[in-house]
$ cat coords_10.cif   # mmCIF, C-alpha atoms
data_coords
#
loop_
_atom_site.group_PDB
_atom_site.id
_atom_site.type_symbol
_atom_site.label_atom_id
_atom_site.label_comp_id
_atom_site.auth_asym_id
_atom_site.auth_seq_id
_atom_site.Cartn_x
_atom_site.Cartn_y
_atom_site.Cartn_z
ATOM 1 C CA MET A 228 17.144 70.772 174.602
ATOM 2 C CA PRO A 229 17.773 68.589 177.665
ATOM 3 C CA ILE A 230 19.334 65.198 177.051
ATOM 4 C CA PHE A 231 16.992 63.414 179.423
ATOM 5 C CA SER A 232 13.342 63.937 178.673
ATOM 6 C CA LYS A 233 10.577 62.232 180.595
ATOM 7 C CA LYS A 234 9.902 59.982 177.624
ATOM 8 C CA LYS A 235 13.436 58.651 177.090
ATOM 9 C CA ASP A 236 15.077 56.080 179.318
ATOM 10 C CA PRO A 237 18.633 57.082 180.341
ATOM 11 C CA THR A 238 20.011 53.833 178.901
ATOM 12 C CA GLU A 239 18.560 54.702 175.491
ATOM 13 C CA VAL A 240 20.155 58.148 175.632
ATOM 14 C CA ILE A 241 23.505 56.661 176.625
ATOM 15 C CA GLN A 242 23.302 54.065 173.838
ATOM 16 C CA GLU A 243 22.596 56.846 171.335
ATOM 17 C CA LEU A 244 25.604 58.839 172.573
ATOM 18 C CA ILE A 245 27.853 55.774 172.348
ATOM 19 C CA LYS A 246 26.663 55.124 168.790
ATOM 20 C CA ARG A 247 27.445 58.711 167.781
ATOM 21 C CA LEU A 248 30.902 58.513 169.344
ATOM 22 C CA ASP A 249 31.553 55.174 167.636
ATOM 23 C CA ASP A 250 30.946 56.869 164.273
ATOM 24 C CA VAL A 251 33.452 59.592 165.105
ATOM 25 C CA ARG A 252 35.939 57.044 166.443
ATOM 26 C CA PHE A 253 35.687 54.996 163.234
ATOM 27 C CA ASN A 254 36.340 57.987 160.954
ATOM 28 C CA LEU A 255 39.165 59.279 163.115
ATOM 29 C CA SER A 256 40.878 55.897 163.311
ATOM 30 C CA LEU A 257 40.708 55.621 159.498
ATOM 31 C CA HIS A 258 42.333 59.020 159.160
ATOM 32 C CA LYS A 259 45.000 58.113 161.722
ATOM 33 C CA ARG A 260 45.816 54.899 159.823
ATOM 34 C CA ARG A 261 46.175 56.881 156.590
ATOM 35 C CA LEU A 262 48.617 59.243 158.281
ATOM 36 C CA GLU A 263 50.539 56.281 159.734
ATOM 37 C CA ALA A 264 50.830 54.754 156.257
ATOM 38 C CA LYS A 265 52.186 58.027 154.852
ATOM 39 C CA ILE A 266 54.714 58.373 157.679
ATOM 40 C CA LYS A 267 55.830 54.764 157.245
ATOM 41 C CA SER A 268 56.318 55.325 153.516
ATOM 42 C CA TYR A 269 58.781 58.126 154.327
ATOM 43 C CA PHE A 270 60.579 55.870 156.789
ATOM 44 C CA ARG A 271 60.723 53.034 154.237
ATOM 45 C CA ARG A 272 62.600 55.432 151.942
ATOM 46 C CA ASN A 273 64.841 56.363 154.910
ATOM 47 C CA LYS A 274 63.541 59.923 154.895
ATOM 48 C CA ALA A 275 62.254 61.966 157.805
ATOM 49 C CA PRO A 276 58.521 62.568 157.464
ATOM 50 C CA PRO A 277 57.290 66.177 157.301
ATOM 51 C CA GLY A 278 56.367 67.738 160.617
ATOM 52 C CA ALA A 279 52.810 68.264 159.381
ATOM 53 C CA LEU A 280 52.276 64.495 159.093
ATOM 54 C CA LEU A 281 53.697 63.903 162.573
ATOM 55 C CA VAL A 282 51.501 66.636 164.075
ATOM 56 C CA GLY A 283 48.414 65.290 162.295
ATOM 57 C CA TRP A 284 49.161 61.776 163.554
ATOM 58 C CA LYS A 285 49.662 62.958 167.149
ATOM 59 C CA THR A 286 46.499 65.093 167.045
ATOM 60 C CA SER A 287 44.520 62.125 165.737
ATOM 61 C CA ASP A 288 46.009 59.946 168.468
ATOM 62 C CA VAL A 289 45.070 62.389 171.248
ATOM 63 C CA LEU A 290 41.532 62.889 169.911
ATOM 64 C CA LEU A 291 41.063 59.148 169.538
ATOM 65 C CA SER A 292 42.161 58.577 173.149
ATOM 66 C CA ALA A 293 39.717 61.232 174.392
ATOM 67 C CA ILE A 294 36.859 59.686 172.414
ATOM 68 C CA GLU A 295 37.687 56.174 173.611
ATOM 69 C CA SER A 296 37.725 57.303 177.251
ATOM 70 C CA SER A 297 34.347 58.992 176.715
ATOM 71 C CA VAL A 298 32.930 55.757 175.294
ATOM 72 C CA ILE A 299 34.220 53.858 178.342
ATOM 73 C CA SER A 300 32.653 56.462 180.670
ATOM 74 C CA LEU A 301 29.326 56.174 178.881
ATOM 75 C CA GLN A 302 29.439 52.369 178.983
ATOM 76 C CA THR A 303 30.086 52.547 182.729
ATOM 77 C CA ALA A 304 27.182 54.965 183.121
ATOM 78 C CA MET A 305 24.939 52.581 181.187
ATOM 79 C CA MET A 306 25.913 49.657 183.420
ATOM 80 C CA MET A 307 25.239 51.724 186.551
ATOM 81 C CA SER A 308 21.861 52.755 185.181
ATOM 82 C CA GLU A 309 20.968 49.158 184.332
ATOM 83 C CA VAL A 310 21.964 48.001 187.838
ATOM 84 C CA GLY A 311 19.840 50.768 189.351
ATOM 85 C CA ASN A 312 16.861 49.792 187.209
ATOM 86 C CA ALA A 313 17.277 46.114 188.099
ATOM 87 C CA ILE A 314 17.393 46.900 191.822
ATOM 88 C CA LYS A 315 14.358 49.168 191.579
ATOM 89 C CA GLU A 316 12.495 46.459 189.716
ATOM 90 C CA ALA A 317 13.501 43.798 192.256
ATOM 91 C CA VAL A 318 12.584 45.971 195.255
ATOM 92 C CA GLY A 319 9.267 47.229 193.973
ATOM 93 C CA GLU A 320 7.022 49.097 196.355
ATOM 94 C CA LYS A 321 6.360 46.286 198.825
ATOM 95 C CA SER A 322 8.895 45.974 201.649
ATOM 96 C CA LEU A 323 8.678 44.786 205.206
ATOM 97 C CA GLY A 324 10.181 46.132 208.453
ATOM 98 C CA LYS A 325 13.922 46.594 208.660
ATOM 99 C CA ALA A 326 14.545 45.158 205.213
ATOM 100 C CA GLY A 327 12.239 47.843 203.877
ATOM 101 C CA GLU A 328 14.276 50.587 205.575
ATOM 102 C CA VAL A 329 17.552 49.204 204.208
ATOM 103 C CA LEU A 330 16.032 49.037 200.753
ATOM 104 C CA ARG A 331 14.739 52.619 201.065
ATOM 105 C CA GLN A 332 18.262 53.774 201.936
ATOM 106 C CA LEU A 333 19.550 51.835 198.952
ATOM 107 C CA MET A 334 16.927 53.493 196.764
ATOM 108 C CA ASN A 335 18.001 56.932 198.042
ATOM 109 C CA THR A 336 21.604 56.065 197.206
ATOM 110 C CA LEU A 337 20.518 54.919 193.752
ATOM 111 C CA ASN A 338 18.695 58.216 193.236
ATOM 112 C CA ASP A 339 21.910 60.058 194.163
ATOM 113 C CA ILE A 340 23.812 57.874 191.686
ATOM 114 C CA ARG A 341 21.176 58.603 189.056
ATOM 115 C CA LEU A 342 21.685 62.369 189.527
ATOM 116 C CA SER A 343 25.431 61.918 189.182
ATOM 117 C CA LEU A 344 24.856 59.817 186.086
ATOM 118 C CA HIS A 345 22.684 62.549 184.587
ATOM 119 C CA GLN A 346 25.435 65.098 185.180
ATOM 120 C CA MET A 347 28.105 62.805 183.768
ATOM 121 C CA VAL A 348 26.031 61.951 180.713
ATOM 122 C CA ASN A 349 25.266 65.631 180.121
ATOM 123 C CA ILE A 350 28.999 66.367 180.108
ATOM 124 C CA GLN A 351 29.656 63.385 177.845
ATOM 125 C CA SER A 352 26.846 64.562 175.575
ATOM 126 C CA GLN A 353 28.599 67.887 175.148
ATOM 127 C CA MET A 354 31.752 65.945 174.263
ATOM 128 C CA VAL A 355 29.770 63.909 171.728
ATOM 129 C CA ASN A 356 28.388 67.077 170.123
ATOM 130 C CA ILE A 357 31.897 68.515 169.849
ATOM 131 C CA ALA A 358 33.240 65.230 168.458
ATOM 132 C CA GLN A 359 30.376 64.940 165.997
ATOM 133 C CA GLY A 360 31.009 68.492 164.800
ATOM 134 C CA MET A 361 34.647 67.553 164.261
ATOM 135 C CA ASN A 362 33.594 64.370 162.508
ATOM 136 C CA GLU A 363 31.763 66.332 159.845
ATOM 137 C CA ASN A 364 35.003 67.995 158.812
ATOM 138 C CA ILE A 365 37.736 65.867 160.370
ATOM 139 C CA GLU A 366 39.915 66.068 157.277
ATOM 140 C CA GLY A 367 39.700 69.865 157.235
ATOM 141 C CA LEU A 368 40.346 70.175 160.954
ATOM 142 C CA LEU A 369 43.427 67.963 160.833
ATOM 143 C CA GLN A 370 44.688 69.715 157.688
ATOM 144 C CA GLU A 371 44.436 72.997 159.586
ATOM 145 C CA VAL A 372 46.354 71.531 162.525
ATOM 146 C CA MET A 373 48.928 70.038 160.178
ATOM 147 C CA GLY A 374 49.277 73.394 158.431
ATOM 148 C CA SER A 375 50.359 74.990 161.678
ATOM 149 C CA ALA A 376 53.195 72.456 162.084
ATOM 150 C CA GLU A 377 55.760 74.970 160.833
ATOM 151 C CA HIS A 378 55.185 76.944 164.055
ATOM 152 C CA ILE A 379 55.964 73.949 166.256
ATOM 153 C CA ALA A 380 59.414 73.718 167.816
ATOM 154 C CA PRO A 381 61.715 71.121 166.251
ATOM 155 C CA ASP A 382 62.193 69.338 169.573
ATOM 156 C CA VAL A 383 58.419 68.790 169.807
ATOM 157 C CA LEU A 384 58.391 67.297 166.307
ATOM 158 C CA GLU A 385 61.344 65.095 167.245
ATOM 159 C CA SER A 386 59.474 63.958 170.348
ATOM 160 C CA ILE A 387 56.407 63.027 168.266
ATOM 161 C CA GLY A 388 58.683 61.249 165.793
ATOM 162 C CA ALA A 389 60.331 59.343 168.650
ATOM 163 C CA GLU A 390 56.906 58.275 169.907
ATOM 164 C CA PHE A 391 55.976 57.075 166.425
ATOM 165 C CA LEU A 392 59.273 55.178 166.131
ATOM 166 C CA GLN A 393 58.582 53.445 169.440
ATOM 167 C CA GLU A 394 55.232 52.303 168.074
ATOM 168 C CA ILE A 395 56.924 51.034 164.908
ATOM 169 C CA LYS A 396 59.544 49.256 167.009
ATOM 170 C CA ALA A 397 56.759 47.330 168.761
ATOM 171 C CA SER A 398 54.339 46.826 165.872
ATOM 172 C CA ASP A 399 56.656 46.548 162.848
ATOM 173 C CA PRO A 400 60.166 45.530 163.974
ATOM 174 C CA GLU A 401 61.180 44.732 160.399
ATOM 175 C CA LEU A 402 60.557 48.338 159.324
ATOM 176 C CA TYR A 403 62.254 49.657 162.460
ATOM 177 C CA ASN A 404 65.362 47.538 161.842
ATOM 178 C CA SER A 405 65.523 48.705 158.218
ATOM 179 C CA LEU A 406 65.738 52.379 159.237
ATOM 180 C CA SER A 407 69.057 54.142 158.882
ATOM 181 C CA ASP A 408 70.978 55.086 162.007
ATOM 182 C CA GLU A 409 70.584 58.738 160.993
ATOM 183 C CA ILE A 410 66.756 58.497 161.141
ATOM 184 C CA LYS A 411 66.880 56.594 164.438
ATOM 185 C CA ARG A 412 69.217 59.231 165.924
ATOM 186 C CA LYS A 413 67.058 62.092 164.678
ATOM 187 C CA PHE A 414 63.977 60.685 166.380
ATOM 188 C CA SER A 415 65.539 58.892 169.331
ATOM 189 C CA SER A 416 64.127 59.562 172.757
ATOM 190 C CA GLU A 417 66.252 61.418 175.311
ATOM 191 C CA GLU A 418 66.986 58.221 177.298
ATOM 192 C CA GLU A 419 68.595 56.640 174.231
ATOM 193 C CA LYS A 420 70.821 59.647 173.383
#
$ encode --input "coords_10.cif" --output "structure tokens"
Amino acid sequence: MPIFSKKKDPTEVIQELIKRLDDVRFNLSLHKRRLEAKIKSYFRRNKAPPGALLVGWKTSDVLLSAIESSVISLQTAMMMSEVGNAIKEAVGEKSLGKAGEVLRQLMNTLNDIRLSLHQMVNIQSQMVNIAQGMNENIEGLLQEVMGSAEHIAPDVLESIGAEFLQEIKASDPELYNSLSDEIKRKFSSEEEK
């Protein structure tokens, strides 16, 4: 079924897609926060968190970034569509002389933009459908990813741990300072070694 039907305004379609992505983003950010809390609890006990938790956190982080960039793209598309509609409304069908020709060229450009918007929104719609499918079983999907953590090289897990430590260093310096030197060394980035 095509995203744009003759009955639906593109802005309505885009708003619907944004709403669907917002639902996915909300659920995914909740799951990411739960994983962060679990990882921090290991760090508070001066223990290295299991690789599965680190992989789940990183996967959540990457998916969340992709969804957020899709929302931004859709918001940009909506603004472009609204500008195009406002210009069309302002121009109307009555134009005079040279001004009319300039406005016709502008209208042609807007039509080209509208086609590009349709293509972009169609691609984003596919992303929304994928994200919504993930949303229905986000816990299961991330558990599956986390289950495969044993096949991930230790240096990759250390890199993810180092990234998490950098976030803790910025967001929770008290926790970071309470970590043992052993934990900091285990998950230190290459520049610090």
$ closest_residue --input "coords_10.cif" --among "A:Thr286, A:Thr238, A:Asn273, A:Ser256" --to "A:Ile387" --atoms "all atoms listed in the file"
A:Thr286
$ resolve_selection --input "coords_10.cif" --expression "the PyMOL selection byres ((chain A and resi 244-254) around 12)" --output "ChimeraX atom specification"
/A:230-231,237-243,255-261,287-305,348-366
$ atom_distance --input "coords_10.cif" --atom1 "atom CA of A:Ser268" --atom2 "atom CA of A:Leu402"
10.0 Å
$ atom_distance --input "coords_10.cif" --atom1 "atom CA of A:Asp399" --atom2 "atom CA of A:Trp284"
17.0 Å
$ atom_distance --input "coords_10.cif" --atom1 "atom CA of A:Pro276" --atom2 "atom CA of A:Asn404"
17.1 Å
$ closest_residue --input "coords_10.cif" --among "A:Ser415, A:Glu394, A:Asn338, A:Ile410" --to "A:Ala275" --atoms "all atoms listed in the file"
A:Ile410
$ residues_around --input "coords_10.cif" --residues "A:Leu406" --least-positions-apart "6" --cutoff "9 Å" --atoms "all atoms listed in the file" --output "PDB file with C-alpha atoms, keeping the file's coordinate frame"
ATOM      1  CA  PHE A 270      60.579  55.870 156.789  1.00  0.00           C
ATOM      2  CA  ARG A 271      60.723  53.034 154.237  1.00  0.00           C
ATOM      3  CA  ARG A 272      62.600  55.432 151.942  1.00  0.00           C
ATOM      4  CA  ASN A 273      64.841  56.363 154.910  1.00  0.00           C
ATOM      5  CA  LYS A 274      63.541  59.923 154.895  1.00  0.00           C
TER       6      LYS A 274
END
$ resolve_selection --input "coords_10.cif" --expression "the PyMOL selection byres ((chain A and resi 281) around 9)" --output "NGL selection string"
:A and (262-263 or 266 or 276-280 or 282-286 or 373 or 376 or 384 or 387-388 or 391)
